[in-house]
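Quick notes on the structure that follows.
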Amino acid sequence: MKPVLKVENLKASVEDVNILKGVDLEIKGGEIHVIMGPNGTGKSTLSSVIMGHPKYSILDGSVSLDGEDVLGMSVDERSRAGLFLAMQYPSEIPGVTNSDFLRAAMNARAEEGNELSLYKFIMKLDKATNELEMRSDLPHRFLNEGFSGGEKKRNEILQMKLLNPKFAILDEIDSGLDVDALRIVGQNVMQMSKDRKDEIGFLVITHYQRLLDYIKPDFVHVMMQGRVVASGGPELALRIETDGYDWLKKELGISDERVVPTEKNMSQTSLGTCATREMFKDE
Ligand code: ADP
Ligand code: MG
């Protein structure tokens, strides 16, 4: 059976500010979904909430993986259930080498007594770093410490390849990549989708069509104001690339697409930031 990740009417806040205001999304194994949308419309928040970042409060709605409630699981359980997030801003962990981290993460998913031998781990690691054309010293350095922006992003994809998730959420995996790195990352993601067919689904957050030259989406969604406001096929990404978002905002009657409106947009009612927050709190 194909895995299914289902997000229904998801509402979430951070520090008493409502960010997600009712997100609906369903992704099946074998599908590649792309989320686009201007800055500050809740895309990274959605990925963090699905993965279980403790800073967010869930106000309403649900997330399920193959019918199991995800929101009740710890981050660890989510990862073992098959969810993976390549973060927009990966953390640096000095003192932990990249390869130790990867091996621990892989073994945490193995059944007891079934842990990967060092030899098998090295074989897998070598294969994946070669496919990603990564510098050979990167696995042995402290996790992300001193990595360039592009190296961090490639390293997120390395983790994805080794952890073999059911659903991979890639948050702006293309930011900071040079053209060659963009191609390598894009091709590796597409190859994984082809190899694992219905066993893996992707949620790819990006601003740019150029990533979609390599990663071919089945569905493209646009987020504004903490919701998915439009969905379509690859043509939607092409239209956004040429025309931006104004046409869509006009069509939808949206003047400020952000989750937290700017002072400028609120000035007509001359409210300060605090009042603005209050206004949107109960939405
Ligand atoms: P996107 O990824 O679409 O650019 P984000 O999900 O990162 O947007 O952020 C959505 C909104 O939530 C932004 O306006 C951001 O400033 C706001 N936000 C995120 N974290 C906090 C926080 N800790 N306190 C207040 N606002 C926050
Ligand atoms: Mg973001």
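The chains in the structure tokens are called A, B, ... from first to last as shown; in each chain the residues are counted from 1, and the ligands are counted from 1 in the order shown.
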Inset, instruction - Just list the residues in region 91-258 of chain A DSSP gives helix (DSSP H, G or I) on the backbone, as a PyMOL selection string. - result: chain A and resi 98-109+118-131+138-140+149-163+179-199+209-213+234-243+246-252
Inset, instruction - Around ligand 2, at most 10 Å away and counting only C-alpha atoms and all ligand atoms, which residues are there? Put them as a PyMOL selection string, please. - result: chain A and resi 36-48+87-89+171-172+205-207
Expected file contents, prior selection, N, CA and C atoms, as a PDB file, in the first residue's frame:
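Heads up, here's the output in selection-v8.pdb:
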```
ATOM      1  N   MET A  36       5.132  26.610  -3.197  1.00  0.00           N
ATOM      2  CA  MET A  36       5.766  27.900  -3.452  1.00  0.00           C
ATOM      3  C   MET A  36       5.029  28.935  -2.610  1.00  0.00           C
ATOM      4  N   GLY A  37       5.434  30.163  -2.711  1.00  0.00           N
ATOM      5  CA  GLY A  37       4.743  31.209  -1.956  1.00  0.00           C
ATOM      6  C   GLY A  37       5.737  32.245  -1.505  1.00  0.00           C
ATOM      7  N   PRO A  38       5.288  33.504  -1.426  1.00  0.00           N
ATOM      8  CA  PRO A  38       6.185  34.582  -1.014  1.00  0.00           C
ATOM      9  C   PRO A  38       6.772  34.324   0.370  1.00  0.00           C
ATOM     10  N   ASN A  39       7.772  35.108   0.752  1.00  0.00           N
ATOM     11  CA  ASN A  39       8.394  34.993   2.081  1.00  0.00           C
ATOM     12  C   ASN A  39       7.366  35.252   3.168  1.00  0.00           C
ATOM     13  N   GLY A  40       7.537  34.550   4.279  1.00  0.00           N
ATOM     14  CA  GLY A  40       6.707  34.829   5.453  1.00  0.00           C
ATOM     15  C   GLY A  40       5.263  34.390   5.317  1.00  0.00           C
ATOM     16  N   THR A  41       5.014  33.335   4.520  1.00  0.00           N
ATOM     17  CA  THR A  41       3.629  32.886   4.362  1.00  0.00           C
ATOM     18  C   THR A  41       3.376  31.550   5.077  1.00  0.00           C
ATOM     19  N   GLY A  42       4.389  31.053   5.808  1.00  0.00           N
ATOM     20  CA  GLY A  42       4.165  29.881   6.657  1.00  0.00           C
ATOM     21  C   GLY A  42       4.733  28.573   6.151  1.00  0.00           C
ATOM     22  N   LYS A  43       5.548  28.616   5.092  1.00  0.00           N
ATOM     23  CA  LYS A  43       6.042  27.368   4.481  1.00  0.00           C
ATOM     24  C   LYS A  43       6.972  26.599   5.427  1.00  0.00           C
ATOM     25  N   SER A  44       7.953  27.315   5.982  1.00  0.00           N
ATOM     26  CA  SER A  44       8.873  26.627   6.903  1.00  0.00           C
ATOM     27  C   SER A  44       8.159  26.213   8.183  1.00  0.00           C
ATOM     28  N   THR A  45       7.204  27.027   8.611  1.00  0.00           N
ATOM     29  CA  THR A  45       6.424  26.673   9.800  1.00  0.00           C
ATOM     30  C   THR A  45       5.704  25.351   9.571  1.00  0.00           C
ATOM     31  N   LEU A  46       5.100  25.196   8.396  1.00  0.00           N
ATOM     32  CA  LEU A  46       4.401  23.948   8.084  1.00  0.00           C
ATOM     33  C   LEU A  46       5.352  22.763   8.183  1.00  0.00           C
ATOM     34  N   SER A  47       6.552  22.904   7.613  1.00  0.00           N
ATOM     35  CA  SER A  47       7.475  21.764   7.655  1.00  0.00           C
ATOM     36  C   SER A  47       7.928  21.480   9.085  1.00  0.00           C
ATOM     37  N   SER A  48       8.173  22.533   9.875  1.00  0.00           N
ATOM     38  CA  SER A  48       8.594  22.321  11.271  1.00  0.00           C
ATOM     39  C   SER A  48       7.484  21.677  12.097  1.00  0.00           C
ATOM     40  N   MET A  87      16.292  20.741   6.430  1.00  0.00           N
ATOM     41  CA  MET A  87      15.953  22.071   6.944  1.00  0.00           C
ATOM     42  C   MET A  87      16.469  23.215   6.084  1.00  0.00           C
ATOM     43  N   GLN A  88      15.715  24.330   6.140  1.00  0.00           N
ATOM     44  CA  GLN A  88      16.153  25.531   5.422  1.00  0.00           C
ATOM     45  C   GLN A  88      17.477  26.031   6.017  1.00  0.00           C
ATOM     46  N   TYR A  89      17.579  25.974   7.348  1.00  0.00           N
ATOM     47  CA  TYR A  89      18.817  26.403   8.013  1.00  0.00           C
ATOM     48  C   TYR A  89      19.335  25.274   8.908  1.00  0.00           C
ATOM     49  N   ASP A 171      13.068  21.807   2.518  1.00  0.00           N
ATOM     50  CA  ASP A 171      12.755  23.232   2.658  1.00  0.00           C
ATOM     51  C   ASP A 171      13.855  24.088   2.038  1.00  0.00           C
ATOM     52  N   GLU A 172      13.557  24.677   0.921  1.00  0.00           N
ATOM     53  CA  GLU A 172      14.512  25.530   0.182  1.00  0.00           C
ATOM     54  C   GLU A 172      15.876  24.871   0.057  1.00  0.00           C
ATOM     55  N   ILE A 205       9.763  22.553  -0.943  1.00  0.00           N
ATOM     56  CA  ILE A 205       9.466  23.981  -0.816  1.00  0.00           C
ATOM     57  C   ILE A 205      10.536  24.746  -1.581  1.00  0.00           C
ATOM     58  N   THR A 206      10.123  25.561  -2.520  1.00  0.00           N
ATOM     59  CA  THR A 206      11.106  26.324  -3.292  1.00  0.00           C
ATOM     60  C   THR A 206      10.504  27.629  -3.799  1.00  0.00           C
ATOM     61  N   HIS A 207      11.389  28.569  -4.101  1.00  0.00           N
ATOM     62  CA  HIS A 207      10.944  29.818  -4.726  1.00  0.00           C
ATOM     63  C   HIS A 207      11.101  29.779  -6.236  1.00  0.00           C
TER      64      HIS A 207
END
```
Legend entry - Backbone-only DSSP, strand (DSSP E) members of region 67-142 of chain A, as a list in words: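 Everything in region 67-142 of chain A that counts as strand (DSSP E) is Glu68, Asp69, Leu83, Phe84, Leu85, Ala86, Ile93, Pro94, Gly95, Val96, Thr97 and Phe142 of chain A.
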Inset, instruction - Find the residue from A:Leu162, A:Glu151, A:Asp243, A:Asp66 that sits nearest to Ala104 (chain A); use only C-alpha atoms when measuring. - result: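 Ranked by minimum distance to Ala104 (chain A), first place goes to A:Leu162.
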Inset, instruction - Report the distance between atom 12 (O, counted along the ligand's line) of ligand 1 and CA of Val70 (chain A) in Å, rounded to one decimal place. - result: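 Interatomic distance, atom 12 (O, counted along the ligand's line) of ligand 1 to CA of Val70 (chain A): 21.9 Å.
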Legend entry - Close residues, Asp195 (chain A) itself excluded, 12 Å, only C-alpha atoms, min 6 positions apart in chain, as a list of chain:residue names: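 The filter keeps A:Gly30, A:Lys161, A:Asn164, A:Gln187, A:Asn188, A:Val189, A:Gly201.
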Selected residues written out with C-alpha atoms, as a PDB file, in the first residue's frame:
```pdb
ATOM      1  CA  GLY A  30       5.113   8.207  -5.630  1.00  0.00           C
ATOM      2  CA  LYS A 161      19.558   9.155   1.021  1.00  0.00           C
ATOM      3  CA  ASN A 164      15.406   6.314   3.291  1.00  0.00           C
ATOM      4  CA  GLN A 187      19.104  14.812  -9.946  1.00  0.00           C
ATOM      5  CA  ASN A 188      19.697  12.892  -6.702  1.00  0.00           C
ATOM      6  CA  VAL A 189      16.223  13.714  -5.442  1.00  0.00           C
ATOM      7  CA  GLY A 201       6.606  10.982  -1.444  1.00  0.00           C
TER       8      GLY A 201
END
```
